Each structure stands twice: as C-alpha cells, then as structure tokens.
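Listing of start-v1.pdb; format and content: PDB, C-alpha atoms.
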MODEL        1
ATOM      1  CA  GLY A   1       4.510 -20.612  10.225
ATOM      2  CA  ALA A   2       4.281 -17.022  11.318
ATOM      3  CA  VAL A   3       0.753 -15.692  11.688
ATOM      4  CA  VAL A   4      -0.506 -12.136  11.832
ATOM      5  CA  SER A   5      -4.027 -11.550  13.058
ATOM      6  CA  GLN A   6      -5.767  -8.407  11.885
ATOM      7  CA  HIS A   7      -9.097  -7.216  13.273
ATOM      8  CA  PRO A   8     -11.686  -6.319  12.383
ATOM      9  CA  SER A   9     -11.929  -7.834   8.919
ATOM     10  CA  TRP A  10     -14.506  -5.256   7.976
ATOM     11  CA  VAL A  11     -16.075  -2.229   9.614
ATOM     12  CA  ILE A  12     -18.689   0.340   8.696
ATOM     13  CA  CYS A  13     -18.619   3.612  10.555
ATOM     14  CA  LYS A  14     -20.276   6.969  10.385
ATOM     15  CA  SER A  15     -18.482   9.976   9.040
ATOM     16  CA  GLY A  16     -16.687  11.841  11.800
ATOM     17  CA  THR A  17     -16.110   8.855  14.042
ATOM     18  CA  SER A  18     -12.841   7.027  14.701
ATOM     19  CA  VAL A  19     -11.990   3.447  13.926
ATOM     20  CA  LYS A  20      -9.200   1.324  15.372
ATOM     21  CA  ILE A  21      -7.626  -1.562  13.490
ATOM     22  CA  GLU A  22      -5.437  -4.054  15.332
ATOM     23  CA  CYS A  23      -2.595  -6.106  14.001
ATOM     24  CA  ARG A  24      -1.116  -8.853  16.183
ATOM     25  CA  SER A  25       1.765 -11.201  15.570
ATOM     26  CA  LEU A  26       0.681 -14.454  17.168
ATOM     27  CA  ASP A  27       3.807 -16.566  17.303
ATOM     28  CA  PHE A  28       6.698 -14.209  16.819
ATOM     29  CA  GLN A  29       7.916 -10.837  17.918
ATOM     30  CA  ALA A  30       7.440  -8.182  15.298
ATOM     31  CA  THR A  31       9.951  -5.432  15.758
ATOM     32  CA  THR A  32       8.640  -3.678  12.682
ATOM     33  CA  MET A  33       5.151  -3.470  11.290
ATOM     34  CA  PHE A  34       4.008  -1.853   8.075
ATOM     35  CA  TRP A  35       0.602  -0.427   7.278
ATOM     36  CA  TYR A  36      -0.648  -0.406   3.712
ATOM     37  CA  ARG A  37      -3.694   0.937   1.991
ATOM     38  CA  GLN A  38      -5.093  -0.682  -1.101
ATOM     39  CA  PHE A  39      -7.683   0.822  -3.403
ATOM     40  CA  PRO A  40      -9.767  -1.464  -5.624
ATOM     41  CA  LYS A  41      -7.751  -3.100  -8.368
ATOM     42  CA  GLN A  42      -4.619  -1.276  -7.315
ATOM     43  CA  SER A  43      -1.395  -2.131  -5.609
ATOM     44  CA  LEU A  44      -0.503  -1.769  -1.951
ATOM     45  CA  MET A  45       0.522   1.706  -0.948
ATOM     46  CA  LEU A  46       2.739   1.977   2.110
ATOM     47  CA  MET A  47       1.283   4.391   4.630
ATOM     48  CA  ALA A  48       3.685   4.087   7.522
ATOM     49  CA  THR A  49       6.265   1.965   9.263
ATOM     50  CA  SER A  50       6.067   1.390  12.976
ATOM     51  CA  ASN A  51       8.751   0.140  15.295
ATOM     52  CA  GLU A  52       8.051  -1.097  18.777
ATOM     53  CA  GLY A  53       8.414   1.636  21.332
ATOM     54  CA  SER A  54       9.029   4.477  18.940
ATOM     55  CA  LYS A  55       7.048   6.838  16.764
ATOM     56  CA  ALA A  56       5.877   5.650  13.409
ATOM     57  CA  THR A  57       7.433   6.926  10.221
ATOM     58  CA  TYR A  58       4.848   8.105   7.733
ATOM     59  CA  GLU A  59       5.161   8.166   3.996
ATOM     60  CA  GLN A  60       4.886  11.432   2.171
ATOM     61  CA  GLY A  61       1.314  12.561   1.782
ATOM     62  CA  VAL A  62      -0.052  10.474   4.665
ATOM     63  CA  GLU A  63      -1.563  12.578   7.437
ATOM     64  CA  LYS A  64      -0.076  11.424  10.721
ATOM     65  CA  ASP A  65      -2.778  13.175  12.742
ATOM     66  CA  LYS A  66      -5.462  11.345  10.838
ATOM     67  CA  PHE A  67      -3.885   7.921  10.786
ATOM     68  CA  LEU A  68      -2.574   7.302  14.279
ATOM     69  CA  ILE A  69      -0.253   4.352  14.613
ATOM     70  CA  ASN A  70       0.799   2.834  17.893
ATOM     71  CA  HIS A  71       3.248  -0.039  18.298
ATOM     72  CA  ALA A  72       3.244  -0.439  22.049
ATOM     73  CA  SER A  73       4.495  -4.010  22.206
ATOM     74  CA  LEU A  74       6.411  -6.481  20.097
ATOM     75  CA  THR A  75       3.192  -8.234  19.155
ATOM     76  CA  LEU A  76       0.685  -5.455  18.660
ATOM     77  CA  SER A  77       0.353  -2.467  16.377
ATOM     78  CA  THR A  78      -2.791  -0.422  15.932
ATOM     79  CA  LEU A  79      -3.968   1.980  13.263
ATOM     80  CA  THR A  80      -6.638   4.461  14.250
ATOM     81  CA  VAL A  81      -8.423   6.366  11.541
ATOM     82  CA  THR A  82      -9.596   9.534  13.250
ATOM     83  CA  SER A  83     -12.553  11.617  12.147
ATOM     84  CA  ALA A  84     -13.164   9.253   9.275
ATOM     85  CA  HIS A  85     -14.607  10.511   6.021
ATOM     86  CA  PRO A  86     -15.964   8.623   3.007
ATOM     87  CA  GLU A  87     -12.684   9.148   1.148
ATOM     88  CA  ASP A  88     -10.966   7.102   3.867
ATOM     89  CA  SER A  89     -12.957   4.081   2.762
ATOM     90  CA  SER A  90     -10.431   1.530   1.607
ATOM     91  CA  PHE A  91      -8.764  -1.774   2.344
ATOM     92  CA  TYR A  92      -6.057  -1.571   4.999
ATOM     93  CA  ILE A  93      -3.427  -4.285   5.393
ATOM     94  CA  CYS A  94      -0.733  -4.699   8.000
ATOM     95  CA  SER A  95       2.479  -6.615   7.622
ATOM     96  CA  ALA A  96       4.888  -7.704  10.314
ATOM     97  CA  ARG A  97       8.532  -8.592  10.180
ATOM     98  CA  GLU A  98      10.592 -10.441  12.734
ATOM     99  CA  GLY A  99      13.668  -8.859  14.193
ATOM    100  CA  GLY A 100      17.164  -9.109  12.829
ATOM    101  CA  ARG A 101      18.086  -9.529   9.218
ATOM    102  CA  ASN A 102      15.212 -11.871   8.556
ATOM    103  CA  TYR A 103      13.531 -10.756   5.389
ATOM    104  CA  GLY A 104      10.343 -12.633   6.047
ATOM    105  CA  TYR A 105       7.130 -10.681   6.019
ATOM    106  CA  THR A 106       3.754 -11.896   7.176
ATOM    107  CA  PHE A 107       0.580 -10.114   6.215
ATOM    108  CA  GLY A 108      -2.656  -9.714   8.072
ATOM    109  CA  SER A 109      -5.878 -10.582   6.307
ATOM    110  CA  GLY A 110      -6.829  -6.944   5.864
ATOM    111  CA  THR A 111      -9.617  -4.662   7.007
ATOM    112  CA  ARG A 112     -12.239  -3.247   4.705
ATOM    113  CA  LEU A 113     -13.288   0.144   6.022
ATOM    114  CA  THR A 114     -16.440   1.779   4.764
ATOM    115  CA  VAL A 115     -17.298   5.256   5.971
ATOM    116  CA  VAL A 116     -20.887   6.326   5.426
TER
ATOM    117  CA  ALA B 117      14.522   5.299  -5.383
ATOM    118  CA  GLN B 118      13.684   1.777  -6.349
ATOM    119  CA  THR B 119      10.762   1.034  -8.636
ATOM    120  CA  VAL B 120       9.006  -2.155  -9.679
ATOM    121  CA  THR B 121       7.180  -2.473 -12.984
ATOM    122  CA  GLN B 122       4.706  -5.121 -13.997
ATOM    123  CA  SER B 123       3.798  -4.465 -17.601
ATOM    124  CA  GLN B 124       0.980  -7.010 -17.853
ATOM    125  CA  PRO B 125      -2.199  -5.786 -16.131
ATOM    126  CA  GLU B 126      -3.967  -9.032 -17.004
ATOM    127  CA  MET B 127      -2.979 -12.474 -18.158
ATOM    128  CA  SER B 128      -4.918 -15.603 -18.942
ATOM    129  CA  VAL B 129      -3.846 -19.230 -19.033
ATOM    130  CA  GLN B 130      -5.521 -22.527 -19.768
ATOM    131  CA  GLU B 131      -5.661 -24.981 -16.918
ATOM    132  CA  ALA B 132      -2.609 -27.280 -16.886
ATOM    133  CA  GLU B 133      -0.676 -24.914 -19.144
ATOM    134  CA  THR B 134       2.291 -22.717 -18.281
ATOM    135  CA  VAL B 135       2.257 -18.960 -17.923
ATOM    136  CA  THR B 136       4.972 -16.406 -17.275
ATOM    137  CA  LEU B 137       4.402 -13.118 -15.492
ATOM    138  CA  SER B 138       6.948 -10.406 -16.082
ATOM    139  CA  CYS B 139       8.511  -8.001 -13.634
ATOM    140  CA  THR B 140      11.303  -5.502 -14.026
ATOM    141  CA  TYR B 141      12.807  -3.285 -11.400
ATOM    142  CA  ASP B 142      15.153  -0.394 -11.138
ATOM    143  CA  THR B 143      17.800  -0.087  -8.467
ATOM    144  CA  SER B 144      21.363   1.013  -8.009
ATOM    145  CA  GLU B 145      21.927  -1.471  -5.215
ATOM    146  CA  SER B 146      23.773  -4.739  -5.621
ATOM    147  CA  ASP B 147      22.186  -6.649  -2.759
ATOM    148  CA  TYR B 148      18.441  -6.932  -2.359
ATOM    149  CA  TYR B 149      15.537  -9.340  -2.216
ATOM    150  CA  LEU B 150      12.789  -9.951  -4.704
ATOM    151  CA  PHE B 151       9.417 -11.507  -4.037
ATOM    152  CA  TRP B 152       6.286 -12.659  -5.763
ATOM    153  CA  TYR B 153       3.082 -12.406  -3.753
ATOM    154  CA  LYS B 154      -0.317 -13.783  -4.616
ATOM    155  CA  GLN B 155      -3.514 -12.030  -3.594
ATOM    156  CA  PRO B 156      -6.619 -14.162  -4.190
ATOM    157  CA  PRO B 157     -10.143 -12.729  -3.949
ATOM    158  CA  SER B 158      -9.938 -13.100  -0.165
ATOM    159  CA  ARG B 159      -7.245 -10.388  -0.416
ATOM    160  CA  GLN B 160      -4.898 -12.266   1.897
ATOM    161  CA  MET B 161      -1.340 -11.680   0.690
ATOM    162  CA  ILE B 162       0.466 -14.976   0.242
ATOM    163  CA  LEU B 163       4.167 -15.320  -0.411
ATOM    164  CA  VAL B 164       4.759 -17.369  -3.537
ATOM    165  CA  ILE B 165       8.508 -17.243  -3.913
ATOM    166  CA  ARG B 166      11.510 -15.134  -3.030
ATOM    167  CA  GLN B 167      14.981 -14.612  -4.410
ATOM    168  CA  GLU B 168      18.137 -13.190  -2.908
ATOM    169  CA  ALA B 169      19.977 -11.072  -5.434
ATOM    170  CA  TYR B 170      23.366 -12.504  -4.510
ATOM    171  CA  LYS B 171      22.228 -15.986  -5.467
ATOM    172  CA  GLN B 172      22.655 -16.824  -9.124
ATOM    173  CA  GLN B 173      20.453 -19.884  -8.927
ATOM    174  CA  ASN B 174      16.827 -19.241  -9.712
ATOM    175  CA  ALA B 175      14.425 -19.954  -6.875
ATOM    176  CA  THR B 176      11.810 -22.664  -7.292
ATOM    177  CA  GLU B 177       8.837 -23.675  -5.193
ATOM    178  CA  ASN B 178       6.991 -26.653  -6.597
ATOM    179  CA  ARG B 179       5.131 -25.399  -9.691
ATOM    180  CA  PHE B 180       6.481 -21.880  -9.294
ATOM    181  CA  SER B 181       9.880 -20.787 -10.510
ATOM    182  CA  VAL B 182      11.549 -17.536 -11.347
ATOM    183  CA  ASN B 183      13.858 -16.366 -14.070
ATOM    184  CA  PHE B 184      16.118 -13.885 -12.339
ATOM    185  CA  GLN B 185      18.256 -11.834 -14.683
ATOM    186  CA  LYS B 186      20.209  -9.471 -12.455
ATOM    187  CA  ALA B 187      21.971  -7.558 -15.204
ATOM    188  CA  ALA B 188      18.703  -6.971 -17.005
ATOM    189  CA  LYS B 189      16.902  -6.287 -13.699
ATOM    190  CA  SER B 190      14.236  -8.750 -14.618
ATOM    191  CA  PHE B 191      12.404 -11.145 -12.307
ATOM    192  CA  SER B 192       9.709 -13.149 -14.061
ATOM    193  CA  LEU B 193       7.489 -15.784 -12.476
ATOM    194  CA  LYS B 194       6.679 -19.012 -14.255
ATOM    195  CA  ILE B 195       3.686 -21.031 -13.168
ATOM    196  CA  SER B 196       3.647 -24.568 -14.506
ATOM    197  CA  ASP B 197       0.641 -26.876 -14.678
ATOM    198  CA  SER B 198      -1.675 -23.983 -13.862
ATOM    199  CA  GLN B 199      -4.558 -24.734 -11.559
ATOM    200  CA  LEU B 200      -7.860 -22.973 -11.012
ATOM    201  CA  GLY B 201      -6.655 -21.977  -7.571
ATOM    202  CA  ASP B 202      -3.811 -20.014  -9.104
ATOM    203  CA  ALA B 203      -6.253 -17.364 -10.282
ATOM    204  CA  ALA B 204      -5.376 -14.214  -8.368
ATOM    205  CA  MET B 205      -3.547 -10.920  -8.455
ATOM    206  CA  TYR B 206       0.193 -11.387  -8.480
ATOM    207  CA  PHE B 207       2.486  -8.709  -7.147
ATOM    208  CA  CYS B 208       6.193  -8.471  -7.673
ATOM    209  CA  ALA B 209       8.025  -6.794  -4.802
ATOM    210  CA  TYR B 210      11.488  -5.500  -4.010
ATOM    211  CA  ARG B 211      13.228  -5.046  -0.725
ATOM    212  CA  SER B 212      16.572  -3.468  -0.095
ATOM    213  CA  VAL B 213      19.008  -5.209   2.201
ATOM    214  CA  SER B 214      20.904  -2.143   3.282
ATOM    215  CA  ASN B 215      17.978  -0.509   5.046
ATOM    216  CA  TYR B 216      16.317  -3.415   6.769
ATOM    217  CA  GLY B 217      16.196  -1.740  10.129
ATOM    218  CA  GLY B 218      14.523   1.327  11.489
ATOM    219  CA  SER B 219      11.832   2.867   9.397
ATOM    220  CA  GLN B 220      12.889   1.254   6.157
ATOM    221  CA  GLY B 221      12.935  -2.324   5.050
ATOM    222  CA  ASN B 222       9.502  -2.102   3.519
ATOM    223  CA  LEU B 223       8.457  -3.919   0.388
ATOM    224  CA  ILE B 224       8.064  -1.938  -2.825
ATOM    225  CA  PHE B 225       5.288  -3.405  -4.919
ATOM    226  CA  GLY B 226       4.527  -3.386  -8.594
ATOM    227  CA  LYS B 227       1.007  -2.631  -9.764
ATOM    228  CA  GLY B 228       0.122  -6.270 -10.099
ATOM    229  CA  THR B 229      -0.984  -8.711 -12.759
ATOM    230  CA  LYS B 230      -4.405 -10.279 -12.645
ATOM    231  CA  LEU B 231      -4.154 -13.913 -13.645
ATOM    232  CA  SER B 232      -7.199 -15.799 -14.877
ATOM    233  CA  VAL B 233      -7.176 -19.568 -15.278
ATOM    234  CA  LYS B 234      -9.558 -21.065 -17.804
ATOM    235  CA  PRO B 235     -10.897 -24.567 -17.181
TER
ENDMDL
END
Starting from the file, lay out its structure as structure tokens.
Amino acid sequence: GAVVSQHPSWVICKSGTSVKIECRSLDFQATTMFWYRQFPKQSLMLMATSNEGSKATYEQGVEKDKFLINHASLTLSTLTVTSAHPEDSSFYICSAREGGRNYGYTFGSGTRLTVV
Amino acid sequence: AQTVTQSQPEMSVQEAETVTLSCTYDTSESDYYLFWYKQPPSRQMILVIRQEAYKQQNATENRFSVNFQKAAKSFSLKISDSQLGDAAMYFCAYRSVSNYGGSQGNLIFGKGTKLSVKP
C-alpha cells in the first residue's frame, strides 16, 4: 500500500533555531499534502495544505512566515519551523493524497518537536 | 462549514466484547466521505474504515463495521470481538467531495474517543 515517510520522528532544538521536517511519498505521487499539528490528548488541527509547484494555503491563525511549507516535487513536502519557541513544541503529522478523485489519504508517522 | 462531533471522550470494553463509538457530523452537502482512523500510542494514523455517502450499504472491514445514518448525520463504529490491540484513540473524519482539488479536500476530524480494552 501507499507509504509516507516522515523525518525526523523526533527532534529537540534550541529556542530561536529552525527545524525542517520532511514528508515523502514513497510509492505514489502526492499532488496534495496536508500538515497537521496535534497537542497532547487532542485532535489533529490542520495547519496548511500544499500542492506541488504552488504556494501552500494556510489555515486561519497559522503564521505562514513561521511555518514555511515547500512542496517542490510530487513526492516531497517540507515544513520548516522558523525561529522556534517553546510554544511550538508539538506533534506534527503530514498526510499525502494521490492525484485525481482518489479519496485515499496516507499519513506519515509524525514528528515530535521539543523546543528548549 | 462542516463539523464532526464525537461525544464520548473515553470508552472501555472487555476483551472479546463489542463496543460502539459514536460520531455525528453536520453538513449541507449530499456527497461526501466519512472515515474512522485509529491512532495507537505510536501515534501513527491508521485508516480503519471509510464510507461513501452515496452508498446506502454500511461499510465493513473484518471486525469493524459502521452504522451510517445519512438522514440523522450519524456514523458510528462498531468493533466486534475486541482485542487488546484495538486500544487506541479513534477519530471520526469527514471529507467533502466537491472540493477535493486545490487547497481543499482535507479531512475534518472529531476530537477523538480513547478506547481502552480490558483483558
């Protein structure tokens, strides 16, 4: 079946630094990728939707300058948390969808970000 | 806007017994998809079952089945013969058909139900 690889699975960084999270579709072309944030014991909150070759669409309240999303190819999307602060500590999950009307979604395994 | 409500924050079931997780949603659309996802402690999201709204027949996947009541906008998940490995967070999700392209087509999640399985 479809596989989405997300790296790193966890990262600890110092406040003020930037962190990049990668999401790769391994055996299919993902025309659309979604980035979610999940706080402990809560649901997934959509941060942004990225389409290959175009700018990401951010949800209301999500700072686009802080959470940079790049979807440069049909198999790779990246989320960069810039100038990270402790409040950015969270669990980030990507999800990829194949092109066309296919409603299948495949999730990455998530990245636990801790900013100290 | 569409919303998904899971009214049971936590549920518990005895191993080998049956449990039903409830989900209701609100939409003005006639065509959409509904999903149940499982998130075990590893936090990997796993698709359990999905239902197309235009299909009247309830979806089933082995021990998992749904009771889809379109008029009532209800989409409950029944887990039969519960196993210890079923313990996880379960999320109900909605996806519109009409906006599957572009920047839409995302899943709208409920708040989740934490299922515990007692041996």
### Task
Spell out the residues picked by the PyMOL selection byres ((chain B) within 12 of (chain A)) here, as a ChimeraX atom specification.
/B:120-122,125-126,148-168,204-230
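Residues selected in this file by the PyMOL selection byres ((chain B and resi 170) around 8) comprise Ser146, Asp147, Tyr148, Glu168, Ala169, Lys171 and Gln172 of chain B.
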### Query
In Å, with one decimal, what is the gap from CA of Leu79 (chain A) to CA of Val11 (chain A)?
13.3 Å
### Task
Apply the PyMOL selection byres ((chain A and resi 73) around 12) to the structure shown and report the selected residues as a PyMOL selection string.
chain A and resi 23-25+28-33+50-54+70-72+74-78
Output file for the residues above (C-alpha atoms, as a compact mmCIF listing (two decimals), keeping the file's coordinate frame):
# COMPACT_ATOMS: atom_id res chain seq x y z
CA CYS A 23 -2.60 -6.11 14.00
CA ARG A 24 -1.12 -8.85 16.18
CA SER A 25 1.76 -11.20 15.57
CA PHE A 28 6.70 -14.21 16.82
CA GLN A 29 7.92 -10.84 17.92
CA ALA A 30 7.44 -8.18 15.30
CA THR A 31 9.95 -5.43 15.76
CA THR A 32 8.64 -3.68 12.68
CA MET A 33 5.15 -3.47 11.29
CA SER A 50 6.07 1.39 12.98
CA ASN A 51 8.75 0.14 15.30
CA GLU A 52 8.05 -1.10 18.78
CA GLY A 53 8.41 1.64 21.33
CA SER A 54 9.03 4.48 18.94
CA ASN A 70 0.80 2.83 17.89
CA HIS A 71 3.25 -0.04 18.30
CA ALA A 72 3.24 -0.44 22.05
CA LEU A 74 6.41 -6.48 20.10
CA THR A 75 3.19 -8.23 19.16
CA LEU A 76 0.68 -5.46 18.66
CA SER A 77 0.35 -2.47 16.38
CA THR A 78 -2.79 -0.42 15.93
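Summary of the local environment: counting only C-alpha atoms, residues at most 8 Å from region 180-192 of chain B, other than itself and those fewer than 2 positions away along its chain, are Thr136, Leu137, Ser138, Cys139, Thr140, Tyr141, Asp142, Leu150, Val164, Ile165, Ala169, Gln172, Asn174, Ala175, Thr176, Glu177, Asn178, Lys194, Ile195 and Ser196 of chain B.
Coordinates place CA of Arg112 (chain A) at a distance of 15.2 Å from CA of Phe67 (chain A).
Distance-wise, CA of Ser15 (chain A) and CA of Pro86 (chain A) end up 6.7 Å apart.
Restricting the calculation to all atoms listed in the file, the smallest distance between Glu98 (chain A) and any of A:Leu26, A:Leu68, A:Ile21, A:Leu113 is found for A:Leu26.
Distance annotation: of B:Val233, B:Val135, B:Val129, B:Glu145, the residue with the minimal separation from Leu193 (chain B) is B:Val135; atom set is only C-alpha atoms.
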Nearby residues (only C-alpha atoms) at most 10 Å from Ser18 (chain A), same-chain spacing under 4 positions excluded, as an mmCIF file with C-alpha atoms, in the frame of the given file:
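Final file, selection.cif:
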data_model
loop_
_atom_site.group_PDB
_atom_site.id
_atom_site.type_symbol
_atom_site.label_atom_id
_atom_site.label_comp_id
_atom_site.auth_asym_id
_atom_site.auth_seq_id
_atom_site.Cartn_x
_atom_site.Cartn_y
_atom_site.Cartn_z
ATOM 1 C CA CYS A 13 -18.619 3.612 10.555
ATOM 2 C CA LYS A 14 -20.276 6.969 10.385
ATOM 3 C CA LYS A 66 -5.462 11.345 10.838
ATOM 4 C CA PHE A 67 -3.885 7.921 10.786
ATOM 5 C CA THR A 80 -6.638 4.461 14.250
ATOM 6 C CA VAL A 81 -8.423 6.366 11.541
ATOM 7 C CA THR A 82 -9.596 9.534 13.250
ATOM 8 C CA SER A 83 -12.553 11.617 12.147
ATOM 9 C CA ALA A 84 -13.164 9.253 9.275
ATOM 10 C CA HIS A 85 -14.607 10.511 6.021
ATOM 11 C CA VAL A 115 -17.298 5.256 5.971
#
Extract region 11-113 of chain A from the coordinates I pasted, and write it as an mmCIF file, in the first residue's frame (atoms kept: C-alpha atoms).
data_model
loop_
_atom_site.group_PDB
_atom_site.id
_atom_site.type_symbol
_atom_site.label_atom_id
_atom_site.label_comp_id
_atom_site.auth_asym_id
_atom_site.auth_seq_id
_atom_site.Cartn_x
_atom_site.Cartn_y
_atom_site.Cartn_z
ATOM 1 C CA VAL A 11 13.801 16.492 17.309
ATOM 2 C CA ILE A 12 14.958 18.724 20.129
ATOM 3 C CA CYS A 13 16.143 22.178 19.219
ATOM 4 C CA LYS A 14 17.127 25.352 20.953
ATOM 5 C CA SER A 15 14.840 28.323 21.052
ATOM 6 C CA GLY A 16 15.464 30.623 18.112
ATOM 7 C CA THR A 17 16.695 27.963 15.729
ATOM 8 C CA SER A 18 14.874 26.488 12.734
ATOM 9 C CA VAL A 19 13.803 22.923 12.197
ATOM 10 C CA LYS A 20 12.883 21.205 8.943
ATOM 11 C CA ILE A 21 10.504 18.262 8.774
ATOM 12 C CA GLU A 22 10.297 16.176 5.612
ATOM 13 C CA CYS A 23 7.386 14.222 4.282
ATOM 14 C CA ARG A 24 7.929 11.863 1.343
ATOM 15 C CA SER A 25 5.502 9.700 -0.558
ATOM 16 C CA LEU A 26 7.467 6.569 -1.365
ATOM 17 C CA ASP A 27 5.387 4.743 -3.931
ATOM 18 C CA PHE A 28 2.939 7.255 -5.291
ATOM 19 C CA GLN A 29 2.772 10.815 -6.456
ATOM 20 C CA ALA A 30 1.210 13.114 -3.922
ATOM 21 C CA THR A 31 -0.312 16.091 -5.626
ATOM 22 C CA THR A 32 -1.581 17.378 -2.312
ATOM 23 C CA MET A 33 -0.084 17.149 1.132
ATOM 24 C CA PHE A 34 -1.567 18.300 4.409
ATOM 25 C CA TRP A 35 0.264 19.350 7.542
ATOM 26 C CA TYR A 36 -1.355 18.871 10.923
ATOM 27 C CA ARG A 37 -0.430 19.766 14.442
ATOM 28 C CA GLN A 38 -1.572 17.704 17.372
ATOM 29 C CA PHE A 39 -1.383 18.729 21.002
ATOM 30 C CA PRO A 40 -1.412 16.049 23.708
ATOM 31 C CA LYS A 41 -4.738 14.283 24.005
ATOM 32 C CA GLN A 42 -6.265 16.458 21.325
ATOM 33 C CA SER A 43 -7.339 16.060 17.757
ATOM 34 C CA LEU A 44 -5.410 16.900 14.614
ATOM 35 C CA MET A 45 -5.509 20.536 13.665
ATOM 36 C CA LEU A 46 -4.941 21.325 10.005
ATOM 37 C CA MET A 47 -2.188 23.880 9.580
ATOM 38 C CA ALA A 48 -1.856 24.096 5.829
ATOM 39 C CA THR A 49 -2.420 22.395 2.516
ATOM 40 C CA SER A 50 0.344 22.225 -0.032
ATOM 41 C CA ASN A 51 0.093 21.462 -3.706
ATOM 42 C CA GLU A 52 3.066 20.569 -5.831
ATOM 43 C CA GLY A 53 4.544 23.592 -7.507
ATOM 44 C CA SER A 54 2.363 26.187 -5.871
ATOM 45 C CA LYS A 55 2.190 28.124 -2.639
ATOM 46 C CA ALA A 56 0.690 26.478 0.375
ATOM 47 C CA THR A 57 -2.686 27.509 1.700
ATOM 48 C CA TYR A 58 -2.623 28.192 5.414
ATOM 49 C CA GLU A 59 -5.473 27.859 7.829
ATOM 50 C CA GLN A 60 -6.632 30.868 9.746
ATOM 51 C CA GLY A 61 -4.391 31.656 12.669
ATOM 52 C CA VAL A 62 -1.348 29.803 11.315
ATOM 53 C CA GLU A 63 1.629 32.076 10.710
ATOM 54 C CA LYS A 64 2.905 31.419 7.207
ATOM 55 C CA ASP A 65 6.209 33.163 7.913
ATOM 56 C CA LYS A 66 6.818 30.923 10.877
ATOM 57 C CA PHE A 67 5.736 27.652 9.347
ATOM 58 C CA LEU A 68 7.273 27.535 5.893
ATOM 59 C CA ILE A 69 5.922 24.836 3.636
ATOM 60 C CA ASN A 70 7.513 23.784 0.391
ATOM 61 C CA HIS A 71 6.121 21.179 -1.995
ATOM 62 C CA ALA A 72 8.769 21.202 -4.681
ATOM 63 C CA SER A 73 8.068 17.783 -6.150
ATOM 64 C CA LEU A 74 5.278 15.253 -6.343
ATOM 65 C CA THR A 75 6.942 13.154 -3.670
ATOM 66 C CA LEU A 76 8.316 15.651 -1.193
ATOM 67 C CA SER A 77 6.881 18.328 1.048
ATOM 68 C CA THR A 78 8.759 20.052 3.835
ATOM 69 C CA LEU A 79 7.666 22.038 6.858
ATOM 70 C CA THR A 80 10.203 24.392 8.367
ATOM 71 C CA VAL A 81 9.527 25.833 11.777
ATOM 72 C CA THR A 82 11.493 29.068 11.826
ATOM 73 C CA SER A 83 12.774 30.771 14.950
ATOM 74 C CA ALA A 84 11.241 28.060 17.073
ATOM 75 C CA HIS A 85 9.952 28.826 20.537
ATOM 76 C CA PRO A 86 8.839 26.510 23.346
ATOM 77 C CA GLU A 87 5.189 27.084 22.432
ATOM 78 C CA ASP A 88 5.924 25.499 19.043
ATOM 79 C CA SER A 89 6.629 22.225 20.800
ATOM 80 C CA SER A 90 4.077 19.770 19.500
ATOM 81 C CA PHE A 91 3.482 16.714 17.369
ATOM 82 C CA TYR A 92 3.420 17.429 13.640
ATOM 83 C CA ILE A 93 1.887 14.996 11.157
ATOM 84 C CA CYS A 94 1.814 15.093 7.387
ATOM 85 C CA SER A 95 -0.693 13.409 5.148
ATOM 86 C CA ALA A 96 -0.490 12.826 1.426
ATOM 87 C CA ARG A 97 -3.155 12.222 -1.147
ATOM 88 C CA GLU A 98 -2.784 10.842 -4.631
ATOM 89 C CA GLY A 99 -3.979 12.818 -7.590
ATOM 90 C CA GLY A 100 -7.418 12.698 -9.109
ATOM 91 C CA ARG A 101 -10.602 11.952 -7.273
ATOM 92 C CA ASN A 102 -8.973 9.328 -5.119
ATOM 93 C CA TYR A 103 -10.029 9.943 -1.568
ATOM 94 C CA GLY A 104 -7.259 7.903 -0.057
ATOM 95 C CA TYR A 105 -5.038 9.576 2.472
ATOM 96 C CA THR A 106 -1.797 8.231 3.853
ATOM 97 C CA PHE A 107 -0.255 9.635 6.988
ATOM 98 C CA GLY A 108 3.342 9.979 7.999
ATOM 99 C CA SER A 109 4.410 8.664 11.372
ATOM 100 C CA GLY A 110 4.695 12.141 12.842
ATOM 101 C CA THR A 111 7.431 14.307 14.297
ATOM 102 C CA ARG A 112 7.645 15.241 17.938
ATOM 103 C CA LEU A 113 9.242 18.663 18.206
#
